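A short write-up of the structure that comes next.
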Amino acid sequence: MLLFLILHYFTLQGSVGAEKMVQRSPPVMTLVPSINELAERGGYKATNYELITEDGYSIWLHRIGSNSGSPVLIQHGIMLAADSWITRGHNKKDLAFMLLGLGYDVWLSNHRGTFFNEYSTKYNKSNIRFWDFSFHESGIYDLPAAIDKILEVRQVEKIFYVGHSLGTATFAVMCTAKPEYNNKIKAALLMSPVIYLKPINRLPLLFQVLGMFKDLIISTFSSSGNYNLGIRTEEFERGLKNVCGEQALTQHLCLGIIGILAGENSKNINKVSID
C-alpha cells in the first residue's frame with residue numbers, strides 16, 4: 001500500500017510537470033491574420049511567449065524578428081491588441097517595422113481582457129470574477145511580467161517603452177506602484193496619454209454615454225452571463241468588412257458614425273487598410 005502511494009505521488013508530479021511544459025500558441029481567428037502571418041508579411045518571424053502574471057492571468061508577448069539592438073516594448077491602447085502595430089505589413093507605415101528597420105529589437109505586449117488573454121489560473125472566462133480588474137492590474141502585473149521577460153531573454157538591464165492611450169495609463173501605474181521598474185526603462189514615449197481624465201462633458205460621445213449608463217450596462221451584461229464587451233469576434237470582423245470595407249457602399253456612413261462616437265477624424269484614416 002505504501003509503495004502504491006509513493007508511485008501514485010510521483011506519477012502525479014510527473015503529470016503536473018508535463019502539463020507545465022506544454023507549449024501553447026496565441027489564439028487566432030479565421031478572418032483575421034495571426035500575429036505570425038502579419039510578421040511574415042513584413043519580412044520577419046514572430047516568437048510568441050505566454051506569460052502567467054503574478055496574479056495568475058495568461059497574457060501573450062510577441063517578439064518580432066530577432067534584432068540585437070536595444071529592446072523596445074510597444075503597448076497598445078484600449079479596444080486594441082498587439083497585432084494592431086503590424087497590420088499593414090509596411091516598413092514605412094507600421095511603427096514596429098520602422099523600428100525593426102532601424103535595428104531595434106521590437107516586442108509587442110497585450111493587456112489582460114484582450115483577445116490574447118484567454119484564461120487565468122483561478123477563474124474561467126465566463127466567471128464574473130475573471131473580469132474583476134482594471135488598468136491598475138495591467139500596470140502592476142501585466143507590464144512588469146512583459147518587461148521582466150524581455151530582460152531575461154535579452155540579458156540586458158533596460159529597455160525602451162512606447163505606449164499608446166491605455167498603454168500610457170498602465171505605464172504610469174507601474175512606475176508609481178512599482179518604482180523599481182523606473183530603473184528598467186531607458187526612455188518612454190507616451191502617445192495620446194490618458195494620465196489625466198477630462199471632465200465627462202469633454203469626452204467623445206461614446207464615452208459620455210457609457211459613463212451615464214454604466215450601472216445599467218453592467219447589470220444587463222451580468223444578468224445575461226456575458227461579461228466581455230470586446231468586439232473582436234469573427235462575426236464583428238465580418239460585419240465590419242461588409243459595412244466599412246473599401247468596397248462597401250456604406251463606408252462613408254460607417255466612418256461618419258465612428259467619428260461622432262469616438263471623435264475620430266476620417267481624413268486621418270486609411271480607408272483601404274480597413275479591410
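By order in the C-alpha cells, chains are A, B, ...; within a chain, residues start at 1; ligands start at 1, following the order shown.
All residues of protein, DNA or RNA that reach within 8 Å of region 75-80 of chain A, judged by only C-alpha atoms and not counting those fewer than 6 positions away in the chain, are Leu108, Ser109, Asn110, His111, Thr114, Tyr161, Val162, Gly163, His164, Ser165, Leu166, Gly167, Gly230 and Ile231 of chain A.
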Quick check for you: according to DSSP on this backbone, which residues of region 12-172 of chain A are classed as helix (DSSP H, G or I)? Reply as an mmCIF file with N, CA, C and O atoms, in the first residue's frame.
```cif
data_model
loop_
_atom_site.group_PDB
_atom_site.id
_atom_site.type_symbol
_atom_site.label_atom_id
_atom_site.label_comp_id
_atom_site.auth_asym_id
_atom_site.auth_seq_id
_atom_site.Cartn_x
_atom_site.Cartn_y
_atom_site.Cartn_z
ATOM 1 N N LEU A 12 1.717 11.630 -10.248
ATOM 2 C CA LEU A 12 1.037 12.919 -10.275
ATOM 3 C C LEU A 12 2.020 14.051 -10.509
ATOM 4 O O LEU A 12 1.757 14.987 -11.268
ATOM 5 N N GLN A 13 3.169 13.991 -9.843
ATOM 6 C CA GLN A 13 4.171 15.033 -10.011
ATOM 7 C C GLN A 13 4.651 15.099 -11.447
ATOM 8 O O GLN A 13 4.846 16.171 -12.015
ATOM 9 N N GLY A 14 4.824 13.926 -12.036
ATOM 10 C CA GLY A 14 5.257 13.878 -13.425
ATOM 11 C C GLY A 14 4.208 14.452 -14.348
ATOM 12 O O GLY A 14 4.513 15.160 -15.315
ATOM 13 N N SER A 15 2.933 14.196 -14.050
ATOM 14 C CA SER A 15 1.849 14.716 -14.882
ATOM 15 C C SER A 15 1.784 16.230 -14.807
ATOM 16 O O SER A 15 1.614 16.920 -15.806
ATOM 17 N N VAL A 16 1.923 16.751 -13.580
ATOM 18 C CA VAL A 16 1.904 18.196 -13.400
ATOM 19 C C VAL A 16 3.049 18.843 -14.150
ATOM 20 O O VAL A 16 2.898 19.850 -14.831
ATOM 21 N N GLY A 17 4.234 18.235 -14.018
ATOM 22 C CA GLY A 17 5.393 18.780 -14.706
ATOM 23 C C GLY A 17 5.216 18.774 -16.203
ATOM 24 O O GLY A 17 5.567 19.719 -16.901
ATOM 25 N N ALA A 18 4.623 17.670 -16.729
ATOM 26 C CA ALA A 18 4.413 17.568 -18.158
ATOM 27 C C ALA A 18 3.423 18.627 -18.627
ATOM 28 O O ALA A 18 3.580 19.240 -19.679
ATOM 29 N N GLU A 19 2.387 18.884 -17.813
ATOM 30 C CA GLU A 19 1.387 19.881 -18.177
ATOM 31 C C GLU A 19 2.018 21.268 -18.251
ATOM 32 O O GLU A 19 1.700 22.065 -19.123
ATOM 33 N N LYS A 20 2.936 21.556 -17.339
ATOM 34 C CA LYS A 20 3.574 22.863 -17.319
ATOM 35 C C LYS A 20 4.457 23.063 -18.550
ATOM 36 O O LYS A 20 4.726 24.176 -18.955
ATOM 37 N N ILE A 35 -0.720 36.767 -35.600
ATOM 38 C CA ILE A 35 0.441 37.626 -35.347
ATOM 39 C C ILE A 35 1.645 37.125 -36.145
ATOM 40 O O ILE A 35 2.454 37.908 -36.642
ATOM 41 N N ASN A 36 1.748 35.802 -36.322
ATOM 42 C CA ASN A 36 2.849 35.229 -37.105
ATOM 43 C C ASN A 36 2.718 35.589 -38.581
ATOM 44 O O ASN A 36 3.711 35.937 -39.240
ATOM 45 N N GLU A 37 1.492 35.518 -39.112
ATOM 46 C CA GLU A 37 1.266 35.848 -40.520
ATOM 47 C C GLU A 37 1.527 37.329 -40.786
ATOM 48 O O GLU A 37 2.122 37.692 -41.815
ATOM 49 N N LEU A 38 1.112 38.184 -39.863
ATOM 50 C CA LEU A 38 1.345 39.621 -40.032
ATOM 51 C C LEU A 38 2.835 39.933 -40.009
ATOM 52 O O LEU A 38 3.313 40.775 -40.774
ATOM 53 N N ALA A 39 3.565 39.270 -39.121
ATOM 54 C CA ALA A 39 5.012 39.482 -39.045
ATOM 55 C C ALA A 39 5.686 39.046 -40.343
ATOM 56 O O ALA A 39 6.571 39.735 -40.871
ATOM 57 N N GLU A 40 5.248 37.909 -40.889
ATOM 58 C CA GLU A 40 5.833 37.396 -42.127
ATOM 59 C C GLU A 40 5.562 38.313 -43.310
ATOM 60 O O GLU A 40 6.389 38.445 -44.213
ATOM 61 N N ARG A 41 4.405 38.965 -43.304
ATOM 62 C CA ARG A 41 4.096 39.917 -44.371
ATOM 63 C C ARG A 41 5.100 41.059 -44.393
ATOM 64 O O ARG A 41 5.390 41.629 -45.439
ATOM 65 N N ALA A 82 -1.960 43.597 -29.541
ATOM 66 C CA ALA A 82 -0.588 43.745 -30.018
ATOM 67 C C ALA A 82 -0.492 43.771 -31.534
ATOM 68 O O ALA A 82 0.347 44.486 -32.107
ATOM 69 N N ASP A 83 -1.344 43.013 -32.212
ATOM 70 C CA ASP A 83 -1.228 42.930 -33.665
ATOM 71 C C ASP A 83 -1.590 44.224 -34.380
ATOM 72 O O ASP A 83 -1.336 44.382 -35.573
ATOM 73 N N SER A 84 -2.179 45.178 -33.673
ATOM 74 C CA SER A 84 -2.536 46.453 -34.302
ATOM 75 C C SER A 84 -1.308 47.227 -34.774
ATOM 76 O O SER A 84 -1.428 48.134 -35.607
ATOM 77 N N TRP A 85 -0.120 46.881 -34.270
ATOM 78 C CA TRP A 85 1.103 47.603 -34.631
ATOM 79 C C TRP A 85 1.725 47.084 -35.929
ATOM 80 O O TRP A 85 2.670 47.695 -36.443
ATOM 81 N N LEU A 95 4.766 51.292 -37.173
ATOM 82 C CA LEU A 95 5.841 51.700 -36.276
ATOM 83 C C LEU A 95 6.780 50.550 -35.950
ATOM 84 O O LEU A 95 7.997 50.722 -35.915
ATOM 85 N N ALA A 96 6.211 49.360 -35.709
ATOM 86 C CA ALA A 96 7.046 48.219 -35.351
ATOM 87 C C ALA A 96 8.064 47.908 -36.440
ATOM 88 O O ALA A 96 9.257 47.693 -36.165
ATOM 89 N N PHE A 97 7.625 47.905 -37.686
ATOM 90 C CA PHE A 97 8.534 47.598 -38.793
ATOM 91 C C PHE A 97 9.523 48.733 -39.034
ATOM 92 O O PHE A 97 10.668 48.494 -39.448
ATOM 93 N N MET A 98 9.108 49.956 -38.782
ATOM 94 C CA MET A 98 10.033 51.083 -38.917
ATOM 95 C C MET A 98 11.178 50.949 -37.912
ATOM 96 O O MET A 98 12.346 51.164 -38.246
ATOM 97 N N LEU A 99 10.830 50.577 -36.678
ATOM 98 C CA LEU A 99 11.855 50.409 -35.652
ATOM 99 C C LEU A 99 12.753 49.217 -35.950
ATOM 100 O O LEU A 99 13.967 49.269 -35.714
ATOM 101 N N LEU A 100 12.167 48.164 -36.488
ATOM 102 C CA LEU A 100 12.971 46.995 -36.866
ATOM 103 C C LEU A 100 13.977 47.372 -37.946
ATOM 104 O O LEU A 100 15.137 46.932 -37.921
ATOM 105 N N GLY A 101 13.545 48.204 -38.889
ATOM 106 C CA GLY A 101 14.440 48.649 -39.949
ATOM 107 C C GLY A 101 15.599 49.480 -39.435
ATOM 108 O O GLY A 101 16.662 49.544 -40.074
ATOM 109 N N ILE A 128 -17.644 35.896 -13.570
ATOM 110 C CA ILE A 128 -17.569 37.347 -13.401
ATOM 111 C C ILE A 128 -16.303 37.773 -12.668
ATOM 112 O O ILE A 128 -15.770 38.867 -12.889
ATOM 113 N N ARG A 129 -15.765 36.890 -11.823
ATOM 114 C CA ARG A 129 -14.551 37.241 -11.080
ATOM 115 C C ARG A 129 -13.330 37.314 -11.995
ATOM 116 O O ARG A 129 -12.337 37.973 -11.665
ATOM 117 N N PHE A 130 -13.388 36.662 -13.155
ATOM 118 C CA PHE A 130 -12.300 36.770 -14.128
ATOM 119 C C PHE A 130 -12.126 38.219 -14.578
ATOM 120 O O PHE A 130 -11.015 38.678 -14.832
ATOM 121 N N TRP A 131 -13.252 38.943 -14.672
ATOM 122 C CA TRP A 131 -13.256 40.301 -15.208
ATOM 123 C C TRP A 131 -13.112 41.366 -14.126
ATOM 124 O O TRP A 131 -13.251 42.568 -14.412
ATOM 125 N N PHE A 135 -7.272 48.870 -15.464
ATOM 126 C CA PHE A 135 -5.925 49.209 -15.933
ATOM 127 C C PHE A 135 -4.908 49.162 -14.802
ATOM 128 O O PHE A 135 -3.704 49.047 -15.041
ATOM 129 N N HIS A 136 -5.401 49.237 -13.550
ATOM 130 C CA HIS A 136 -4.491 49.171 -12.409
ATOM 131 C C HIS A 136 -3.763 47.826 -12.370
ATOM 132 O O HIS A 136 -2.533 47.777 -12.230
ATOM 133 N N GLU A 137 -4.518 46.725 -12.512
ATOM 134 C CA GLU A 137 -3.895 45.397 -12.506
ATOM 135 C C GLU A 137 -2.968 45.213 -13.704
ATOM 136 O O GLU A 137 -1.923 44.567 -13.590
ATOM 137 N N SER A 138 -3.355 45.785 -14.840
ATOM 138 C CA SER A 138 -2.476 45.699 -16.006
ATOM 139 C C SER A 138 -1.151 46.390 -15.740
ATOM 140 O O SER A 138 -0.097 45.956 -16.210
ATOM 141 N N GLY A 139 -1.212 47.475 -14.968
ATOM 142 C CA GLY A 139 0.005 48.217 -14.664
ATOM 143 C C GLY A 139 0.905 47.539 -13.649
ATOM 144 O O GLY A 139 2.130 47.613 -13.752
ATOM 145 N N ILE A 140 0.318 46.873 -12.668
ATOM 146 C CA ILE A 140 1.163 46.275 -11.621
ATOM 147 C C ILE A 140 1.490 44.806 -11.879
ATOM 148 O O ILE A 140 2.381 44.246 -11.229
ATOM 149 N N TYR A 141 0.790 44.186 -12.841
ATOM 150 C CA TYR A 141 1.062 42.777 -13.131
ATOM 151 C C TYR A 141 1.491 42.524 -14.580
ATOM 152 O O TYR A 141 2.503 41.870 -14.826
ATOM 153 N N ASP A 142 0.729 43.039 -15.541
ATOM 154 C CA ASP A 142 0.969 42.684 -16.938
ATOM 155 C C ASP A 142 2.259 43.288 -17.488
ATOM 156 O O ASP A 142 3.100 42.575 -18.044
ATOM 157 N N LEU A 143 2.405 44.601 -17.364
ATOM 158 C CA LEU A 143 3.608 45.250 -17.890
ATOM 159 C C LEU A 143 4.888 44.750 -17.218
ATOM 160 O O LEU A 143 5.866 44.449 -17.905
ATOM 161 N N PRO A 144 4.917 44.627 -15.877
ATOM 162 C CA PRO A 144 6.130 44.093 -15.256
ATOM 163 C C PRO A 144 6.493 42.693 -15.753
ATOM 164 O O PRO A 144 7.677 42.385 -15.944
ATOM 165 N N ALA A 145 5.473 41.847 -15.983
ATOM 166 C CA ALA A 145 5.748 40.491 -16.478
ATOM 167 C C ALA A 145 6.391 40.545 -17.853
ATOM 168 O O ALA A 145 7.344 39.802 -18.146
ATOM 169 N N ALA A 146 5.884 41.438 -18.716
ATOM 170 C CA ALA A 146 6.441 41.561 -20.063
ATOM 171 C C ALA A 146 7.866 42.110 -20.015
ATOM 172 O O ALA A 146 8.770 41.603 -20.702
ATOM 173 N N ILE A 147 8.079 43.136 -19.217
ATOM 174 C CA ILE A 147 9.414 43.742 -19.122
ATOM 175 C C ILE A 147 10.433 42.745 -18.583
ATOM 176 O O ILE A 147 11.542 42.610 -19.118
ATOM 177 N N ASP A 148 10.064 42.027 -17.536
ATOM 178 C CA ASP A 148 10.988 41.061 -16.952
ATOM 179 C C ASP A 148 11.347 39.957 -17.947
ATOM 180 O O ASP A 148 12.484 39.474 -17.959
ATOM 181 N N LYS A 149 10.378 39.548 -18.770
ATOM 182 C CA LYS A 149 10.657 38.508 -19.762
ATOM 183 C C LYS A 149 11.638 39.009 -20.804
ATOM 184 O O LYS A 149 12.566 38.288 -21.199
ATOM 185 N N ILE A 150 11.463 40.228 -21.245
ATOM 186 C CA ILE A 150 12.384 40.796 -22.234
ATOM 187 C C ILE A 150 13.798 40.893 -21.662
ATOM 188 O O ILE A 150 14.782 40.528 -22.320
ATOM 189 N N LEU A 151 13.900 41.379 -20.434
ATOM 190 C CA LEU A 151 15.218 41.495 -19.792
ATOM 191 C C LEU A 151 15.868 40.128 -19.637
ATOM 192 O O LEU A 151 17.091 39.981 -19.806
ATOM 193 N N GLU A 152 15.050 39.125 -19.343
ATOM 194 C CA GLU A 152 15.577 37.760 -19.177
ATOM 195 C C GLU A 152 16.086 37.201 -20.499
ATOM 196 O O GLU A 152 17.189 36.637 -20.568
ATOM 197 N N VAL A 153 15.292 37.362 -21.557
ATOM 198 C CA VAL A 153 15.673 36.812 -22.854
ATOM 199 C C VAL A 153 16.891 37.523 -23.435
ATOM 200 O O VAL A 153 17.818 36.890 -23.934
ATOM 201 N N ARG A 154 16.897 38.842 -23.343
ATOM 202 C CA ARG A 154 17.967 39.624 -23.949
ATOM 203 C C ARG A 154 19.170 39.823 -23.044
ATOM 204 O O ARG A 154 20.215 40.270 -23.505
ATOM 205 N N LEU A 166 -4.317 53.774 -23.537
ATOM 206 C CA LEU A 166 -4.361 52.949 -22.328
ATOM 207 C C LEU A 166 -2.974 52.485 -21.914
ATOM 208 O O LEU A 166 -2.675 52.370 -20.721
ATOM 209 N N GLY A 167 -2.113 52.259 -22.903
ATOM 210 C CA GLY A 167 -0.743 51.841 -22.606
ATOM 211 C C GLY A 167 0.068 52.895 -21.888
ATOM 212 O O GLY A 167 1.102 52.595 -21.289
ATOM 213 N N THR A 168 -0.385 54.159 -21.927
ATOM 214 C CA THR A 168 0.302 55.202 -21.170
ATOM 215 C C THR A 168 -0.176 55.207 -19.716
ATOM 216 O O THR A 168 0.607 55.458 -18.808
ATOM 217 N N ALA A 169 -1.469 54.923 -19.522
ATOM 218 C CA ALA A 169 -2.015 54.889 -18.161
ATOM 219 C C ALA A 169 -1.430 53.731 -17.365
ATOM 220 O O ALA A 169 -1.055 53.885 -16.200
ATOM 221 N N THR A 170 -1.349 52.557 -17.991
ATOM 222 C CA THR A 170 -0.803 51.395 -17.284
ATOM 223 C C THR A 170 0.681 51.592 -16.983
ATOM 224 O O THR A 170 1.174 51.125 -15.953
ATOM 225 N N PHE A 171 1.378 52.291 -17.875
ATOM 226 C CA PHE A 171 2.793 52.578 -17.624
ATOM 227 C C PHE A 171 2.948 53.481 -16.407
ATOM 228 O O PHE A 171 3.826 53.272 -15.567
ATOM 229 N N ALA A 172 2.084 54.483 -16.293
ATOM 230 C CA ALA A 172 2.135 55.392 -15.150
ATOM 231 C C ALA A 172 1.829 54.646 -13.854
ATOM 232 O O ALA A 172 2.454 54.899 -12.816
#
```
Q) Between A:Leu210, A:Ser70, A:Gly56, A:Val194, which one has atoms that come closest to Leu102 (chain A), using only C-alpha atoms? A)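 So, comparing all the options, the nearest one is A:Ser70.
Counting only C-alpha atoms and comparing A:His62, A:His90, A:Lys186, A:Lys214, the residue that lies closest to Val156 (chain A) is A:Lys186.
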Would you mind listing what lies within 6 Å of Asn117 (chain A) as a PDB file with N, CA, C and O atoms, in the first residue's frame, with only C-alpha atoms counted and same-chain residues fewer than 4 positions away left out?
```pdb
ATOM      1  N   SER A  58      -3.104  34.758 -17.924  1.00  0.00           N
ATOM      2  CA  SER A  58      -2.310  34.413 -19.100  1.00  0.00           C
ATOM      3  C   SER A  58      -2.321  35.583 -20.076  1.00  0.00           C
ATOM      4  O   SER A  58      -3.387  36.022 -20.514  1.00  0.00           O
ATOM      5  N   ILE A  59      -1.149  36.094 -20.420  1.00  0.00           N
ATOM      6  CA  ILE A  59      -1.036  37.147 -21.426  1.00  0.00           C
ATOM      7  C   ILE A  59       0.060  36.745 -22.408  1.00  0.00           C
ATOM      8  O   ILE A  59       0.951  35.962 -22.079  1.00  0.00           O
ATOM      9  N   ARG A 112      -4.431  42.384 -20.287  1.00  0.00           N
ATOM     10  CA  ARG A 112      -5.463  41.397 -19.961  1.00  0.00           C
ATOM     11  C   ARG A 112      -6.821  41.900 -20.445  1.00  0.00           C
ATOM     12  O   ARG A 112      -7.049  43.099 -20.568  1.00  0.00           O
ATOM     13  N   GLY A 113      -7.714  40.968 -20.739  1.00  0.00           N
ATOM     14  CA  GLY A 113      -9.030  41.335 -21.219  1.00  0.00           C
ATOM     15  C   GLY A 113      -9.117  41.431 -22.729  1.00  0.00           C
ATOM     16  O   GLY A 113     -10.206  41.585 -23.275  1.00  0.00           O
TER      17      GLY A 113
END
```
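Minimum distance to Thr87 (chain A) across A:Ser66, A:Gln247, A:Asn201, A:Pro33 (counting only C-alpha atoms) occurs at A:Pro33.
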Using DSSP on the backbone, list every residue of region 35-194 of chain A that comes out as strand (DSSP E), and give them as a compact mmCIF listing (two decimals) with N, CA, C and O atoms, in the first residue's frame.
```txt
# COMPACT_ATOMS: atom_id res chain seq x y z
N ALA A 46 7.79 35.95 -36.03
CA ALA A 46 7.33 36.27 -34.68
C ALA A 46 7.64 35.12 -33.73
O ALA A 46 7.42 33.95 -34.06
N THR A 47 8.13 35.47 -32.57
CA THR A 47 8.33 34.50 -31.49
C THR A 47 7.38 34.86 -30.37
O THR A 47 7.39 36.00 -29.90
N ASN A 48 6.55 33.92 -29.97
CA ASN A 48 5.48 34.19 -29.01
C ASN A 48 5.80 33.59 -27.64
O ASN A 48 6.22 32.44 -27.54
N TYR A 49 5.56 34.38 -26.61
CA TYR A 49 5.79 33.94 -25.23
C TYR A 49 4.49 34.07 -24.43
O TYR A 49 3.91 35.15 -24.37
N GLU A 50 4.03 32.98 -23.87
CA GLU A 50 2.88 33.06 -22.97
C GLU A 50 3.39 33.31 -21.56
O GLU A 50 4.21 32.54 -21.03
N LEU A 51 2.92 34.38 -20.95
CA LEU A 51 3.34 34.75 -19.60
C LEU A 51 2.18 34.53 -18.63
O LEU A 51 1.03 34.81 -18.96
N ILE A 52 2.47 34.03 -17.46
CA ILE A 52 1.48 33.92 -16.39
C ILE A 52 1.84 34.98 -15.36
O ILE A 52 2.91 34.93 -14.76
N SER A 58 -3.10 34.76 -17.92
CA SER A 58 -2.31 34.41 -19.10
C SER A 58 -2.32 35.58 -20.08
O SER A 58 -3.39 36.02 -20.51
N ILE A 59 -1.15 36.09 -20.42
CA ILE A 59 -1.04 37.15 -21.43
C ILE A 59 0.06 36.75 -22.41
O ILE A 59 0.95 35.96 -22.08
N TRP A 60 -0.02 37.29 -23.61
CA TRP A 60 0.95 36.94 -24.65
C TRP A 60 1.87 38.11 -24.95
O TRP A 60 1.44 39.26 -25.02
N LEU A 61 3.13 37.77 -25.14
CA LEU A 61 4.18 38.72 -25.51
C LEU A 61 4.78 38.23 -26.82
O LEU A 61 5.06 37.05 -26.98
N HIS A 62 4.96 39.14 -27.78
CA HIS A 62 5.44 38.75 -29.11
C HIS A 62 6.72 39.50 -29.46
O HIS A 62 6.75 40.73 -29.40
N ARG A 63 7.73 38.75 -29.84
CA ARG A 63 8.96 39.35 -30.34
C ARG A 63 8.93 39.27 -31.86
O ARG A 63 8.76 38.19 -32.44
N ILE A 64 9.07 40.41 -32.52
CA ILE A 64 9.04 40.45 -33.98
C ILE A 64 10.49 40.54 -34.48
O ILE A 64 11.19 41.49 -34.17
N PRO A 71 16.18 46.67 -26.99
CA PRO A 71 14.79 46.22 -26.99
C PRO A 71 13.81 47.38 -26.83
O PRO A 71 14.06 48.31 -26.06
N VAL A 72 12.70 47.31 -27.56
CA VAL A 72 11.62 48.28 -27.45
C VAL A 72 10.32 47.53 -27.22
O VAL A 72 9.94 46.67 -28.02
N LEU A 73 9.64 47.83 -26.12
CA LEU A 73 8.34 47.24 -25.83
C LEU A 73 7.26 48.22 -26.27
O LEU A 73 7.24 49.37 -25.82
N ILE A 74 6.33 47.77 -27.13
CA ILE A 74 5.25 48.62 -27.62
C ILE A 74 3.93 48.10 -27.07
O ILE A 74 3.60 46.93 -27.25
N GLN A 75 3.17 48.96 -26.40
CA GLN A 75 1.93 48.57 -25.73
C GLN A 75 0.74 49.28 -26.36
O GLN A 75 0.74 50.50 -26.51
N ASP A 105 15.19 45.97 -31.38
CA ASP A 105 14.59 44.66 -31.08
C ASP A 105 13.17 44.92 -30.59
O ASP A 105 12.97 45.41 -29.48
N VAL A 106 12.17 44.60 -31.40
CA VAL A 106 10.79 45.01 -31.15
C VAL A 106 9.97 43.91 -30.49
O VAL A 106 9.93 42.77 -30.95
N TRP A 107 9.29 44.29 -29.41
CA TRP A 107 8.41 43.38 -28.67
C TRP A 107 7.03 44.03 -28.55
O TRP A 107 6.93 45.24 -28.29
N LEU A 108 5.99 43.24 -28.73
CA LEU A 108 4.61 43.72 -28.63
C LEU A 108 3.90 42.99 -27.51
O LEU A 108 3.94 41.76 -27.45
N SER A 109 3.25 43.73 -26.62
CA SER A 109 2.58 43.11 -25.47
C SER A 109 1.09 43.36 -25.51
O SER A 109 0.60 44.24 -26.20
N ILE A 159 15.17 48.75 -21.13
CA ILE A 159 14.52 48.72 -22.43
C ILE A 159 13.89 50.08 -22.72
O ILE A 159 13.74 50.91 -21.82
N PHE A 160 13.53 50.30 -23.98
CA PHE A 160 12.71 51.46 -24.35
C PHE A 160 11.24 51.04 -24.28
O PHE A 160 10.91 49.87 -24.45
N TYR A 161 10.37 52.02 -24.03
CA TYR A 161 8.94 51.72 -23.94
C TYR A 161 8.15 52.71 -24.79
O TYR A 161 8.40 53.91 -24.76
N VAL A 162 7.20 52.18 -25.57
CA VAL A 162 6.28 53.00 -26.35
C VAL A 162 4.87 52.58 -25.95
O VAL A 162 4.50 51.41 -26.07
N GLY A 163 4.08 53.53 -25.47
CA GLY A 163 2.71 53.24 -25.07
C GLY A 163 1.74 54.15 -25.78
O GLY A 163 2.03 55.32 -26.03
N HIS A 164 0.58 53.60 -26.14
CA HIS A 164 -0.47 54.39 -26.77
C HIS A 164 -1.72 54.38 -25.91
O HIS A 164 -2.17 53.31 -25.49
N ILE A 185 13.76 51.17 -17.43
CA ILE A 185 13.33 51.87 -18.64
C ILE A 185 14.37 52.91 -19.03
O ILE A 185 14.70 53.80 -18.25
N LYS A 186 14.88 52.81 -20.27
CA LYS A 186 15.82 53.81 -20.77
C LYS A 186 15.08 55.12 -21.03
O LYS A 186 15.53 56.20 -20.63
N ALA A 187 13.99 55.03 -21.75
CA ALA A 187 13.16 56.19 -22.07
C ALA A 187 11.79 55.68 -22.48
O ALA A 187 11.65 54.55 -22.95
N ALA A 188 10.77 56.51 -22.27
CA ALA A 188 9.41 56.12 -22.62
C ALA A 188 8.78 57.17 -23.53
O ALA A 188 8.90 58.36 -23.28
N LEU A 189 8.11 56.70 -24.57
CA LEU A 189 7.37 57.57 -25.47
C LEU A 189 5.89 57.28 -25.26
O LEU A 189 5.41 56.17 -25.52
N LEU A 190 5.14 58.27 -24.76
CA LEU A 190 3.73 58.09 -24.43
C LEU A 190 2.87 58.87 -25.42
O LEU A 190 2.85 60.09 -25.41
N MET A 191 2.16 58.14 -26.27
CA MET A 191 1.34 58.74 -27.32
C MET A 191 -0.13 58.80 -26.90
O MET A 191 -0.65 57.82 -26.37
```
**Q.** Coordinates-based distance that separates CA of Lys184 (chain A) from CA of Tyr104 (chain A) (Å, one decimal)
**A.**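 So the answer is 16.7 Å.
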